[in-house]
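Engineer: Below you'll find structure.txt; it's compact mmCIF, C-alpha atoms (C1' of nucleotides).
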# COMPACT_ATOMS: atom_id res chain seq x y z
CA MET D 1074 18.46 34.80 14.07
CA LYS D 1075 21.78 33.13 13.84
CA LEU D 1076 22.15 29.62 12.58
CA VAL D 1077 24.90 27.12 12.63
CA SER D 1078 26.69 26.65 9.35
CA PRO D 1079 27.08 23.06 8.15
CA GLY D 1080 30.80 23.18 8.76
CA GLU D 1081 30.49 24.55 12.24
CA ALA D 1082 27.84 22.09 13.19
CA ALA D 1083 29.90 19.17 11.94
CA ALA D 1084 32.93 20.29 13.90
CA ASN D 1085 31.10 21.59 16.91
CA SER D 1086 28.71 18.75 17.51
CA ASN D 1087 28.62 19.15 21.27
CA ASP D 1088 25.23 20.75 21.51
CA ILE D 1089 26.08 23.35 24.08
CA PRO D 1090 24.51 26.65 23.14
CA ALA D 1091 27.18 29.27 23.52
CA GLU D 1092 25.07 32.02 25.04
CA THR D 1093 21.63 31.78 23.53
CA GLY D 1094 19.13 29.42 25.08
CA GLU D 1095 17.91 28.19 21.68
CA GLU D 1096 19.78 26.07 19.25
CA PHE D 1097 18.41 25.58 15.76
CA VAL D 1098 19.26 22.96 13.25
CA ARG D 1099 18.08 22.64 9.73
CA ILE D 1100 16.49 19.64 8.20
CA GLY D 1101 19.66 18.05 6.91
CA GLU D 1102 21.30 17.93 10.30
CA MET D 1103 18.17 16.85 12.00
CA ALA D 1104 17.87 13.97 9.59
CA LYS D 1105 21.44 12.87 10.01
CA LYS D 1106 21.25 13.16 13.76
CA TYR D 1107 18.31 10.82 14.03
CA GLY D 1108 18.90 8.57 11.06
CA VAL D 1109 15.84 9.55 9.13
CA THR D 1110 15.43 11.08 5.71
CA LEU D 1111 14.42 14.59 4.85
CA ARG D 1112 11.27 13.20 3.36
CA THR D 1113 10.42 11.58 6.65
CA LEU D 1114 10.77 14.82 8.59
CA ARG D 1115 8.61 16.67 6.11
CA PHE D 1116 6.14 13.85 6.16
CA TYR D 1117 5.89 13.93 9.94
CA GLU D 1118 5.35 17.64 9.79
CA ASP D 1119 2.69 17.24 7.17
CA LYS D 1120 0.94 14.81 9.49
CA GLY D 1121 1.08 17.29 12.33
CA LEU D 1122 3.67 15.42 14.37
CA LEU D 1123 6.35 18.06 14.13
CA ASN D 1124 6.13 21.80 13.97
CA PRO D 1125 9.53 23.35 13.41
CA LYS D 1126 9.89 27.09 13.28
CA ARG D 1127 10.73 28.77 10.04
CA ASP D 1128 13.31 31.21 8.89
CA GLY D 1129 11.56 32.29 5.77
CA SER D 1130 10.85 28.93 4.23
CA THR D 1131 13.67 27.07 5.91
CA ARG D 1132 12.71 24.73 8.70
CA LEU D 1133 14.43 25.21 12.02
CA TYR D 1134 14.27 22.46 14.57
CA THR D 1135 14.68 23.14 18.27
CA ARG D 1136 15.28 20.68 21.07
CA ARG D 1137 11.54 20.54 21.54
CA ASP D 1138 11.31 19.08 18.08
CA LYS D 1139 14.09 16.70 18.91
CA ALA D 1140 12.26 15.46 21.95
CA ARG D 1141 9.13 14.97 19.90
CA LEU D 1142 11.01 13.14 17.19
CA LYS D 1143 12.52 10.82 19.76
CA LEU D 1144 9.07 9.99 20.99
CA ILE D 1145 7.85 9.40 17.47
CA LEU D 1146 10.69 7.03 16.77
CA LEU D 1147 10.13 5.18 20.01
CA GLY D 1148 6.47 4.90 19.16
CA ARG D 1149 7.21 3.53 15.73
CA LYS D 1150 9.66 1.10 17.23
CA VAL D 1151 7.07 -0.43 19.47
CA GLY D 1152 4.63 -0.59 16.62
CA PHE D 1153 2.35 2.37 17.05
CA SER D 1154 0.99 3.99 13.95
CA LEU D 1155 1.75 7.63 13.38
CA ARG D 1156 -1.88 8.34 14.03
CA ASP D 1157 -1.64 6.79 17.46
CA VAL D 1158 1.51 8.71 18.19
CA LYS D 1159 -0.15 11.91 17.14
CA GLN D 1160 -3.19 11.27 19.29
CA MET D 1161 -1.01 10.79 22.31
CA MET D 1162 1.19 13.77 21.60
CA ASP D 1163 -1.73 16.04 20.94
CA LEU D 1164 -2.75 15.58 24.53
CA TYR D 1165 0.47 16.89 25.88
CA ASP D 1166 0.06 20.05 27.91
CA PRO D 1167 3.22 21.57 29.39
CA THR D 1168 1.16 23.38 32.03
CA GLY D 1169 -0.91 20.46 33.25
CA SER D 1170 -0.48 17.13 34.93
CA ASN D 1171 -1.07 15.30 31.67
CA THR D 1172 -3.03 12.65 33.44
CA LYS D 1173 -5.27 12.31 30.47
CA GLN D 1174 -2.35 11.88 28.13
CA LEU D 1175 -0.73 9.30 30.32
CA ARG D 1176 -3.93 7.35 30.64
CA LEU D 1177 -4.43 7.31 26.91
CA ALA D 1178 -0.86 6.25 26.39
CA LEU D 1179 -1.25 3.47 28.90
CA ASP D 1180 -4.47 2.35 27.31
CA LYS D 1181 -3.04 2.29 23.86
CA SER D 1182 0.06 0.58 25.14
CA GLU D 1183 -1.88 -2.24 26.67
CA LYS D 1184 -3.66 -2.85 23.41
CA GLN D 1185 -0.48 -2.62 21.45
CA LEU D 1186 1.21 -5.03 23.83
CA ALA D 1187 -1.59 -7.49 23.24
CA ARG D 1188 -1.17 -7.09 19.50
CA LEU D 1189 2.53 -7.65 19.74
CA GLN D 1190 2.06 -10.78 21.78
CA LYS D 1191 -0.44 -12.08 19.29
CA GLN D 1192 1.96 -11.34 16.50
CA ARG D 1193 4.71 -13.13 18.28
CA ALA D 1194 2.45 -16.15 18.66
CA LEU D 1195 1.62 -16.07 14.97
CA ILE D 1196 5.25 -15.85 14.06
CA GLU D 1197 6.14 -18.72 16.30
CA ASP D 1198 3.38 -20.68 14.70
CA ALA D 1199 4.77 -19.87 11.31
CA ILE D 1200 8.25 -20.81 12.41
CA ASN D 1201 7.01 -24.19 13.55
CA GLU D 1202 5.04 -24.89 10.42
CA LEU D 1203 7.89 -23.82 8.27
CA SER D 1204 10.36 -25.95 10.18
CA ASN D 1205 8.13 -28.94 9.78
CA SER D 1206 7.80 -28.37 6.07
CA MET D 1207 11.52 -28.05 5.77
CA THR D 1208 12.06 -31.32 7.49
CA ILE D 1209 9.73 -32.99 5.07
CA VAL D 1210 11.35 -31.41 2.06
CA ARG D 1211 14.75 -32.47 3.29
CA LYS D 1212 13.53 -36.02 3.59
CA MET D 1213 12.10 -35.95 0.11
CA LEU D 1214 15.36 -34.66 -1.24
CA SER D 1215 17.44 -37.27 0.50
CA GLU D 1216 15.16 -40.07 -0.63
CA ARG D 1217 15.35 -38.72 -4.12
CA ALA D 1218 19.12 -38.49 -4.08
CA ALA D 1219 19.75 -42.20 -3.78
CA PRO D 1220 17.62 -43.72 -6.57
CA GLN D 1221 19.04 -41.73 -9.46
CA ALA D 1222 22.07 -39.53 -9.36
CA SER D 1223 21.70 -38.15 -12.89
CA ALA D 1224 19.18 -36.09 -14.83
CA ALA D 1225 18.06 -34.18 -11.80
CA GLY D 1226 16.57 -31.20 -13.61
CA MET O 1009 -20.27 -31.82 -18.23
CA LYS O 1010 -22.28 -32.33 -15.12
CA LEU O 1011 -21.86 -30.12 -12.13
CA VAL O 1012 -23.00 -30.27 -8.60
CA SER O 1013 -25.83 -27.96 -7.73
CA PRO O 1014 -25.40 -25.83 -4.62
CA GLY O 1015 -28.08 -27.79 -2.84
CA GLU O 1016 -26.61 -31.14 -3.67
CA ALA O 1017 -23.15 -30.08 -2.76
CA ALA O 1018 -24.26 -28.74 0.58
CA ALA O 1019 -26.07 -31.93 1.43
CA ASN O 1020 -23.55 -34.28 -0.09
CA SER O 1021 -20.38 -32.85 1.30
CA ASN O 1022 -18.51 -36.14 1.51
CA ASP O 1023 -16.26 -35.65 -1.46
CA ILE O 1024 -16.57 -39.11 -2.90
CA PRO O 1025 -17.11 -38.91 -6.63
CA ALA O 1026 -19.94 -41.27 -7.42
CA GLU O 1027 -18.54 -42.71 -10.63
CA THR O 1028 -16.65 -40.02 -12.45
CA GLY O 1029 -13.02 -39.43 -11.56
CA GLU O 1030 -13.43 -35.65 -11.66
CA GLU O 1031 -15.33 -33.51 -9.29
CA PHE O 1032 -15.87 -29.87 -10.08
CA VAL O 1033 -16.86 -27.11 -7.78
CA ARG O 1034 -17.62 -23.56 -8.62
CA ILE O 1035 -16.05 -20.55 -7.10
CA GLY O 1036 -18.60 -20.05 -4.34
CA GLU O 1037 -18.13 -23.50 -2.91
CA MET O 1038 -14.41 -23.35 -3.30
CA ALA O 1039 -14.34 -20.12 -1.36
CA LYS O 1040 -16.49 -21.44 1.43
CA LYS O 1041 -14.52 -24.64 1.65
CA TYR O 1042 -11.24 -22.88 2.20
CA GLY O 1043 -12.38 -19.79 3.99
CA VAL O 1044 -11.36 -17.33 1.32
CA THR O 1045 -13.36 -14.85 -0.69
CA LEU O 1046 -14.30 -15.03 -4.32
CA ARG O 1047 -12.10 -12.07 -4.93
CA THR O 1048 -9.17 -13.93 -3.50
CA LEU O 1049 -9.65 -16.88 -5.80
CA ARG O 1050 -9.91 -14.66 -8.82
CA PHE O 1051 -6.92 -12.73 -7.66
CA TYR O 1052 -4.84 -15.86 -7.30
CA GLU O 1053 -5.87 -16.88 -10.77
CA ASP O 1054 -4.99 -13.49 -12.12
CA LYS O 1055 -1.57 -13.91 -10.60
CA GLY O 1056 -1.14 -17.30 -12.23
CA LEU O 1057 -1.40 -19.33 -9.05
CA LEU O 1058 -4.60 -21.10 -9.97
CA ASN O 1059 -5.88 -22.25 -13.29
CA PRO O 1060 -9.37 -23.65 -13.00
CA LYS O 1061 -11.12 -25.05 -16.04
CA ARG O 1062 -14.02 -23.24 -17.50
CA ASP O 1063 -17.51 -24.15 -18.44
CA GLY O 1064 -18.17 -21.22 -20.68
CA SER O 1065 -17.15 -18.42 -18.40
CA THR O 1066 -17.80 -20.24 -15.16
CA ARG O 1067 -14.74 -21.37 -13.25
CA LEU O 1068 -14.59 -25.03 -12.32
CA TYR O 1069 -12.12 -26.11 -9.67
CA THR O 1070 -10.81 -29.66 -9.49
CA ARG O 1071 -8.95 -31.34 -6.70
CA ARG O 1072 -5.75 -30.27 -8.39
CA ASP O 1073 -6.80 -26.69 -7.77
CA LYS O 1074 -7.66 -27.57 -4.23
CA ALA O 1075 -4.22 -28.99 -3.65
CA ARG O 1076 -2.66 -25.89 -5.10
CA LEU O 1077 -4.83 -23.64 -2.99
CA LYS O 1078 -3.83 -25.53 0.12
CA LEU O 1079 -0.22 -24.95 -0.72
CA ILE O 1080 -0.84 -21.28 -1.35
CA LEU O 1081 -2.53 -20.91 2.00
CA LEU O 1082 0.25 -22.73 3.77
CA GLY O 1083 2.77 -20.53 2.03
CA ARG O 1084 0.95 -17.39 3.08
CA LYS O 1085 0.69 -18.68 6.59
CA VAL O 1086 4.43 -19.04 6.91
CA GLY O 1087 4.93 -15.64 5.40
CA PHE O 1088 5.82 -16.25 1.79
CA SER O 1089 4.69 -13.70 -0.73
CA LEU O 1090 2.46 -14.87 -3.52
CA ARG O 1091 5.35 -14.32 -5.86
CA ASP O 1092 7.47 -16.75 -3.91
CA VAL O 1093 4.69 -19.27 -3.85
CA LYS O 1094 4.27 -18.94 -7.56
CA GLN O 1095 7.95 -19.36 -8.25
CA MET O 1096 7.98 -22.57 -6.30
CA MET O 1097 4.81 -23.90 -7.81
CA ASP O 1098 5.89 -23.09 -11.31
CA LEU O 1099 8.69 -25.56 -10.91
CA TYR O 1100 6.39 -28.42 -10.20
CA ASP O 1101 6.57 -31.15 -12.81
CA PRO O 1102 4.28 -34.15 -12.32
CA THR O 1103 6.56 -36.31 -14.48
CA GLY O 1104 9.87 -35.49 -12.83
CA SER O 1105 11.63 -35.84 -9.54
CA ASN O 1106 11.10 -32.14 -8.75
CA THR O 1107 14.51 -31.92 -7.22
CA LYS O 1108 14.87 -28.42 -8.51
CA GLN O 1109 11.56 -27.39 -7.01
CA LEU O 1110 12.38 -28.90 -3.69
CA ARG O 1111 15.76 -27.24 -3.59
CA LEU O 1112 14.25 -23.87 -4.36
CA ALA O 1113 11.60 -24.39 -1.74
CA LEU O 1114 14.22 -25.32 0.81
CA ASP O 1115 16.35 -22.36 -0.10
CA LYS O 1116 13.48 -19.94 0.15
CA SER O 1117 12.37 -21.57 3.37
CA GLU O 1118 15.71 -21.08 5.00
CA LYS O 1119 15.65 -17.42 4.13
CA GLN O 1120 12.10 -17.06 5.27
CA LEU O 1121 12.90 -18.80 8.51
CA ALA O 1122 15.69 -16.33 9.10
CA ARG O 1123 13.32 -13.46 8.41
CA LEU O 1124 10.78 -14.86 10.80
CA GLN O 1125 13.35 -15.24 13.52
CA LYS O 1126 14.51 -11.71 12.99
CA GLN O 1127 10.95 -10.51 13.15
CA ARG O 1128 10.39 -12.37 16.33
CA ALA O 1129 13.46 -10.74 17.81
CA LEU O 1130 12.21 -7.32 16.76
CA ILE O 1131 8.85 -7.99 18.28
CA GLU O 1132 10.37 -9.16 21.50
CA ASP O 1133 12.44 -6.03 21.52
CA ALA O 1134 9.35 -3.97 21.02
CA ILE O 1135 7.55 -5.86 23.75
CA ASN O 1136 10.35 -5.10 26.17
CA GLU O 1137 10.59 -1.45 25.28
CA LEU O 1138 6.87 -1.08 25.51
CA SER O 1139 6.72 -2.83 28.85
CA ASN O 1140 9.38 -0.53 30.20
CA SER O 1141 7.55 2.52 28.99
CA MET O 1142 4.39 1.26 30.57
CA THR O 1143 6.08 0.83 33.88
CA ILE O 1144 7.30 4.38 33.75
CA VAL O 1145 3.92 5.74 32.77
CA ARG O 1146 2.30 3.83 35.59
CA LYS O 1147 4.74 5.34 38.01
CA MET O 1148 4.06 8.81 36.70
CA LEU O 1149 0.38 8.27 37.09
CA SER O 1150 0.62 6.98 40.61
CA GLU O 1151 2.89 9.84 41.65
CA ARG O 1152 0.46 12.22 40.11
CA ALA O 1153 -2.52 10.68 41.84
CA ALA O 1154 -1.40 11.51 45.37
CA PRO O 1155 -0.63 15.26 45.19
CA GLN O 1156 -3.95 16.38 43.76
CA ALA O 1157 -7.04 14.28 43.45
CA SER O 1158 -9.04 16.88 41.55
CA ALA O 1159 -8.81 18.72 38.26
CA ALA O 1160 -7.21 15.84 36.50
CA GLY O 1161 -8.10 16.85 32.96
C1' DT L 1299 -41.93 -15.89 -16.73
C1' DA L 1300 -40.41 -13.45 -12.93
C1' DT L 1301 -37.19 -13.21 -9.51
C1' DA L 1302 -33.51 -14.38 -6.55
C1' DG L 1303 -29.03 -16.09 -6.29
C1' DA L 1304 -24.42 -17.06 -8.59
C1' DA L 1305 -21.13 -15.78 -11.59
C1' DT L 1306 -18.47 -12.77 -14.82
C1' DT L 1307 -15.10 -8.81 -16.06
C1' DG L 1308 -13.32 -4.28 -15.17
C1' DA L 1309 -11.55 -0.99 -12.57
C1' DC L 1310 -10.87 2.11 -8.84
C1' DG L 1311 -9.95 2.13 -3.62
C1' DT L 1312 -7.28 0.90 0.64
C1' DA L 1313 -3.62 0.97 4.07
C1' DA L 1314 1.30 3.04 5.79
C1' DA L 1315 5.10 5.41 5.35
C1' DC L 1316 7.54 7.18 2.96
C1' DG L 1317 10.52 7.21 -2.20
C1' DT L 1318 11.45 9.79 -6.02
C1' DA L 1319 11.48 12.96 -9.34
C1' DA L 1320 10.87 17.92 -10.94
C1' DA L 1321 11.56 22.66 -10.93
C1' DA L 1322 13.13 26.33 -8.52
C1' DG L 1323 15.02 29.46 -4.69
C1' DG L 1324 18.77 30.51 -1.36
C1' DT L 1325 23.77 30.56 0.27
C1' DG L 1326 28.66 30.26 1.02
C1' DC L 1327 32.96 30.13 -1.21
C1' DG L 1328 36.93 30.59 -4.34
C1' DC Z 891 30.47 35.29 -11.13
C1' DG Z 892 29.43 30.65 -11.06
C1' DC Z 893 29.28 26.23 -9.13
C1' DA Z 894 28.09 23.08 -5.61
C1' DC Z 895 25.11 22.11 -2.10
C1' DC Z 896 21.06 22.70 0.73
C1' DT Z 897 16.38 23.53 0.86
C1' DT Z 898 11.62 24.27 -0.73
C1' DT Z 899 6.87 22.71 -2.61
C1' DT Z 900 4.06 19.72 -5.39
C1' DA Z 901 2.61 15.51 -6.55
C1' DC Z 902 2.70 11.02 -8.46
C1' DG Z 903 4.78 6.24 -7.48
C1' DT Z 904 5.64 2.11 -4.57
C1' DT Z 905 4.27 -2.24 -2.15
C1' DT Z 906 0.85 -6.32 -1.17
C1' DA Z 907 -3.26 -8.62 -1.22
C1' DC Z 908 -7.03 -8.12 -1.74
C1' DG Z 909 -12.05 -4.95 -0.85
C1' DT Z 910 -15.72 -2.87 -3.02
C1' DC Z 911 -18.61 -1.35 -6.24
C1' DA Z 912 -20.82 -1.52 -11.01
C1' DA Z 913 -22.92 -3.32 -14.82
C1' DT Z 914 -24.12 -7.43 -16.84
C1' DT Z 915 -25.13 -12.25 -17.70
C1' DC Z 916 -26.38 -16.93 -16.47
C1' DT Z 917 -28.97 -20.33 -14.06
C1' DA Z 918 -32.22 -22.53 -11.14
C1' DT Z 919 -36.55 -22.56 -9.13
C1' DA Z 920 -41.30 -21.39 -7.91
Let me see the structure of the file written as structure tokens.
Structural biologist:
Amino acid sequence: MKLVSPGEAAANSNDIPAETGEEFVRIGEMAKKYGVTLRTLRFYEDKGLLNPKRDGSTRLYTRRDKARLKLILLGRKVGFSLRDVKQMMDLYDPTGSNTKQLRLALDKSEKQLARLQKQRALIEDAINELSNSMTIVRKMLSERAAPQASAAG
Amino acid sequence: MKLVSPGEAAANSNDIPAETGEEFVRIGEMAKKYGVTLRTLRFYEDKGLLNPKRDGSTRLYTRRDKARLKLILLGRKVGFSLRDVKQMMDLYDPTGSNTKQLRLALDKSEKQLARLQKQRALIEDAINELSNSMTIVRKMLSERAAPQASAAG
DNA sequence: TATAGAATTGACGTAAACGTAAAAGGTGCG
DNA sequence: CGCACCTTTTACGTTTACGTCAATTCTATA
């Protein structure tokens, strides 16, 4: 099993496998590549979201892992919990049509979309309330500025 | 010190103090009135946001406490942390102009408003990404529905 | 007086997604 | 050889705003 040394990988970052069909990266590279921490990758693995191979105790990530990580990050971006992401991923079957998986994903997505829209409404509410309060405070301050210019502590 | 019995208070919910200038309510009423739990009120007190009087060990809330609670709830609604709320409230001085308090509140509000707007942007981003994904998934499902109508598990 | 309904303090639990040591093993390089 | 650097596992810490007992006491009412 041949790996890429840190130096090589840094210089040769065009991911074209020379001859072998598998390209492995260790955790440090993986983390850098996707802007996550080592802790995060180990955490995802601990939660069953990733399953890198091992060379002894060293984790080796393949492009399969990369694809999965991308999905995880997309999921997190749109607000899914890791549990949700796992549920959806667990249904993936490379030999099937994955209809079940897609349906679940769609179902969860609809719910998540609703949550997001509700959140947006709440935030807009908050923005309005806050803006109103600010207007009032500004008025109070300007009224208070005229009467007495000193001892404002 | 005369209090209002639960029965009386329930029946006589028009908050007009008969003769005395002070009206006390206990924690249960206070909670019901503002839609919070007992735990919440105790928690706020523990954090120094409320300071009800005591009759022995029983908490007695006055309208001052009610005013403060209203402010707390407004603060939470617009996304301030309890710490922020406390900082602002701690500056309140009934004998002064409260310029300092108002300035702090305005300052914090501006920052909070910025945060809220950023959040809204993030959520809208998420909504868009999610919608796109959903469109794709729907396509995949519809493509997959035609070829084979059976064994979709 | 018995009993139900409030109230008290204390303290651990929760949720999510990691952060942050700590202690130790492996590896390439000069 | 020895140092620097990467990696490993284990496990407690962080954050916020409470929830949820538990054990006890107080009060009102029938």
Engineer: Write out as a tab-separated table the residues of chain L that have any atom within 9 Å of an atom of chain D, one row each with the nearest atom pair and its distance in Å to one decimal, counting all atoms listed in the file, sorted by chain and then rising number.
Structural biologist:
residue	atom	partner	partner_atom	distance
L:DA1314	C1'	D:Ser1154	CA	8.2
L:DA1315	C1'	D:Thr1113	CA	8.2
L:DC1316	C1'	D:Thr1113	CA	6.4
L:DG1317	C1'	D:Arg1112	CA	8.2
Engineer: If I take atom CA of D:Gly1101 and atom C1' of L:DT1318, how far is one from the other in Å, to one decimal?
Structural biologist: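 Computed distance, atom CA of D:Gly1101 to atom C1' of L:DT1318, equals 17.4 Å.
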Engineer: Show me, as lines of an AutoDock Vina configuration file, the centre and edge lengths in Å to one decimal of the axis-aligned box that covers every listed atom of stretch 1304-1311 of chain L with 6 Å on each side.
Structural biologist:
center_x = -17.2
center_y = -7.5
center_z = -9.8
size_x = 26.5
size_y = 31.2
size_z = 24.4
Engineer: Please, what distance in Å, to one decimal, runs between atom CA of D:Arg1141 and atom CA of D:Asp1180?
Structural biologist: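 Computed distance, atom CA of D:Arg1141 to atom CA of D:Asp1180, equals 20.0 Å.
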Engineer: What does the structure give for the distance between atom CA of O:Met1097 and atom CA of D:Met1213, in Å to one decimal?
Structural biologist: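 Those two atoms sit 16.2 Å apart.
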Engineer: Show me, as a VMD selection string, the residues of chain D whose atoms get within 7 Å of chain O, using all atoms listed in the file for the distance check.
Structural biologist: chain D and resid 1150 to 1151 1172 to 1173 1175 1179 1182 1186 1189 1193 1196 1199 to 1200 1202 to 1203 1207 1210 1214 1225 to 1226
Engineer: Mind dumping a table of every chain D residue within 12 Å of chain Z, with the nearest atom pair and its distance in Å to one decimal, using only C-alpha atoms (C1' of nucleotides), sorted by chain and rising number, as a tab-separated table?
Structural biologist:
residue	atom	partner	partner_atom	distance
D:Ser1078	CA	Z:DC896	C1'	11.0
D:Pro1079	CA	Z:DC896	C1'	9.6
D:Arg1099	CA	Z:DT897	C1'	9.1
D:Ile1100	CA	Z:DT897	C1'	8.3
D:Gly1101	CA	Z:DC896	C1'	7.9
D:Glu1102	CA	Z:DC896	C1'	10.7
D:Leu1111	CA	Z:DT897	C1'	10.0
D:Arg1112	CA	Z:DT897	C1'	11.8
D:Arg1115	CA	Z:DT898	C1'	10.7
D:Asp1119	CA	Z:DT899	C1'	12.0
D:Arg1127	CA	Z:DT898	C1'	11.7
D:Asp1128	CA	Z:DT897	C1'	11.5
D:Gly1129	CA	Z:DT898	C1'	10.3
D:Ser1130	CA	Z:DT898	C1'	6.8
D:Thr1131	CA	Z:DT897	C1'	6.7
D:Arg1132	CA	Z:DT897	C1'	8.7
D:Leu1133	CA	Z:DT897	C1'	11.5
Engineer: Relative to chain D, what is the Cα RMSD of chain O after a least-squares superposition using every Cα atom paired in order?
Structural biologist: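 Per the least-squares fit, the RMSD is 0.1 Å.
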Engineer: Using N, CA and C atoms (P, O5', C5', C4', C3', O3' and C1' of nucleotides), give me stretch 1301-1315 of chain L from the structure I just pasted, as a short mmCIF file (atom, residue, chain, number, x, y, z; two decimals), in the first residue's frame.
Structural biologist:
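The result, written out as decode-v1.cif:
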data_model
loop_
_atom_site.label_atom_id
_atom_site.label_comp_id
_atom_site.auth_asym_id
_atom_site.auth_seq_id
_atom_site.Cartn_x
_atom_site.Cartn_y
_atom_site.Cartn_z
P DT L 1301 -54.93 11.60 54.33
"O5'" DT L 1301 -55.25 12.37 52.99
"C5'" DT L 1301 -56.46 13.15 52.89
"C4'" DT L 1301 -56.23 14.27 51.90
"C3'" DT L 1301 -55.08 14.00 50.92
"O3'" DT L 1301 -55.49 14.33 49.60
"C1'" DT L 1301 -54.80 16.11 51.92
P DA L 1302 -54.71 13.78 48.34
"O5'" DA L 1302 -54.96 14.93 47.28
"C5'" DA L 1302 -56.15 15.72 47.38
"C4'" DA L 1302 -55.83 17.17 47.04
"C3'" DA L 1302 -54.85 17.32 45.87
"O3'" DA L 1302 -55.38 18.28 44.97
"C1'" DA L 1302 -54.05 18.52 47.76
P DG L 1303 -54.71 18.48 43.58
"O5'" DG L 1303 -54.06 19.92 43.79
"C5'" DG L 1303 -54.81 20.92 44.46
"C4'" DG L 1303 -53.92 22.10 44.74
"C3'" DG L 1303 -52.95 22.42 43.61
"O3'" DG L 1303 -53.05 23.82 43.36
"C1'" DG L 1303 -51.78 22.19 45.67
P DA L 1304 -52.14 24.53 42.32
"O5'" DA L 1304 -51.24 25.10 43.48
"C5'" DA L 1304 -49.95 25.33 43.32
"C4'" DA L 1304 -49.54 26.46 44.23
"C3'" DA L 1304 -48.24 27.01 43.71
"O3'" DA L 1304 -48.08 28.37 44.00
"C1'" DA L 1304 -47.89 25.71 45.70
P DA L 1305 -46.95 29.09 43.20
"O5'" DA L 1305 -45.68 28.79 44.11
"C5'" DA L 1305 -45.64 29.31 45.42
"C4'" DA L 1305 -44.46 28.75 46.18
"C3'" DA L 1305 -43.13 28.74 45.41
"O3'" DA L 1305 -42.33 29.84 45.81
"C1'" DA L 1305 -43.48 26.74 46.68
P DT L 1306 -40.95 30.02 45.12
"O5'" DT L 1306 -40.00 29.07 45.99
"C5'" DT L 1306 -39.89 29.30 47.38
"C4'" DT L 1306 -38.93 28.33 48.01
"C3'" DT L 1306 -37.64 28.13 47.21
"O3'" DT L 1306 -36.63 28.99 47.67
"C1'" DT L 1306 -38.53 26.03 47.95
P DT L 1307 -35.38 29.21 46.75
"O5'" DT L 1307 -34.47 27.94 47.07
"C5'" DT L 1307 -34.05 27.71 48.41
"C4'" DT L 1307 -33.28 26.40 48.48
"C3'" DT L 1307 -32.03 26.37 47.60
"O3'" DT L 1307 -30.95 25.85 48.36
"C1'" DT L 1307 -33.47 24.56 47.03
P DG L 1308 -29.50 25.90 47.75
"O5'" DG L 1308 -29.36 24.45 47.10
"C5'" DG L 1308 -29.85 23.34 47.82
"C4'" DG L 1308 -29.53 22.06 47.07
"C3'" DG L 1308 -28.32 22.17 46.14
"O3'" DG L 1308 -27.52 21.00 46.32
"C1'" DG L 1308 -30.24 21.48 44.90
P DA L 1309 -26.07 20.93 45.71
"O5'" DA L 1309 -26.27 19.91 44.52
"C5'" DA L 1309 -27.18 18.83 44.67
"C4'" DA L 1309 -27.51 18.27 43.30
"C3'" DA L 1309 -26.39 18.51 42.26
"O3'" DA L 1309 -26.24 17.33 41.50
"C1'" DA L 1309 -28.41 19.20 41.41
P DC L 1310 -24.80 16.96 40.92
"O5'" DC L 1310 -25.14 15.89 39.81
"C5'" DC L 1310 -26.12 14.89 40.07
"C4'" DC L 1310 -27.08 14.79 38.91
"C3'" DC L 1310 -26.37 14.65 37.55
"O3'" DC L 1310 -26.96 13.55 36.87
"C1'" DC L 1310 -27.99 16.35 37.46
P DG L 1311 -26.58 13.24 35.34
"O5'" DG L 1311 -27.75 13.95 34.53
"C5'" DG L 1311 -29.11 13.58 34.75
"C4'" DG L 1311 -29.95 13.95 33.55
"C3'" DG L 1311 -29.26 13.67 32.22
"O3'" DG L 1311 -30.24 13.27 31.28
"C1'" DG L 1311 -29.65 16.01 32.44
P DT L 1312 -29.78 12.71 29.86
"O5'" DT L 1312 -30.11 13.92 28.91
"C5'" DT L 1312 -31.24 14.74 29.17
"C4'" DT L 1312 -31.39 15.76 28.07
"C3'" DT L 1312 -30.52 15.50 26.84
"O3'" DT L 1312 -31.37 15.42 25.70
"C1'" DT L 1312 -30.25 17.76 27.60
P DA L 1313 -30.94 14.50 24.47
"O5'" DA L 1313 -30.85 15.54 23.27
"C5'" DA L 1313 -31.70 16.69 23.25
"C4'" DA L 1313 -31.01 17.78 22.47
"C3'" DA L 1313 -29.92 17.22 21.56
"O3'" DA L 1313 -30.21 17.53 20.19
"C1'" DA L 1313 -29.08 19.03 22.89
P DA L 1314 -29.51 16.59 19.07
"O5'" DA L 1314 -28.88 17.75 18.18
"C5'" DA L 1314 -28.44 18.92 18.79
"C4'" DA L 1314 -27.36 19.55 17.97
"C3'" DA L 1314 -26.55 18.57 17.14
"O3'" DA L 1314 -26.20 19.21 15.92
"C1'" DA L 1314 -25.19 19.51 18.88
P DA L 1315 -25.47 18.36 14.77
"O5'" DA L 1315 -23.96 18.85 15.01
"C5'" DA L 1315 -23.72 20.24 15.18
"C4'" DA L 1315 -22.30 20.47 15.61
"C3'" DA L 1315 -21.27 19.54 14.94
"O3'" DA L 1315 -20.15 20.32 14.58
"C1'" DA L 1315 -21.01 19.49 17.24
#
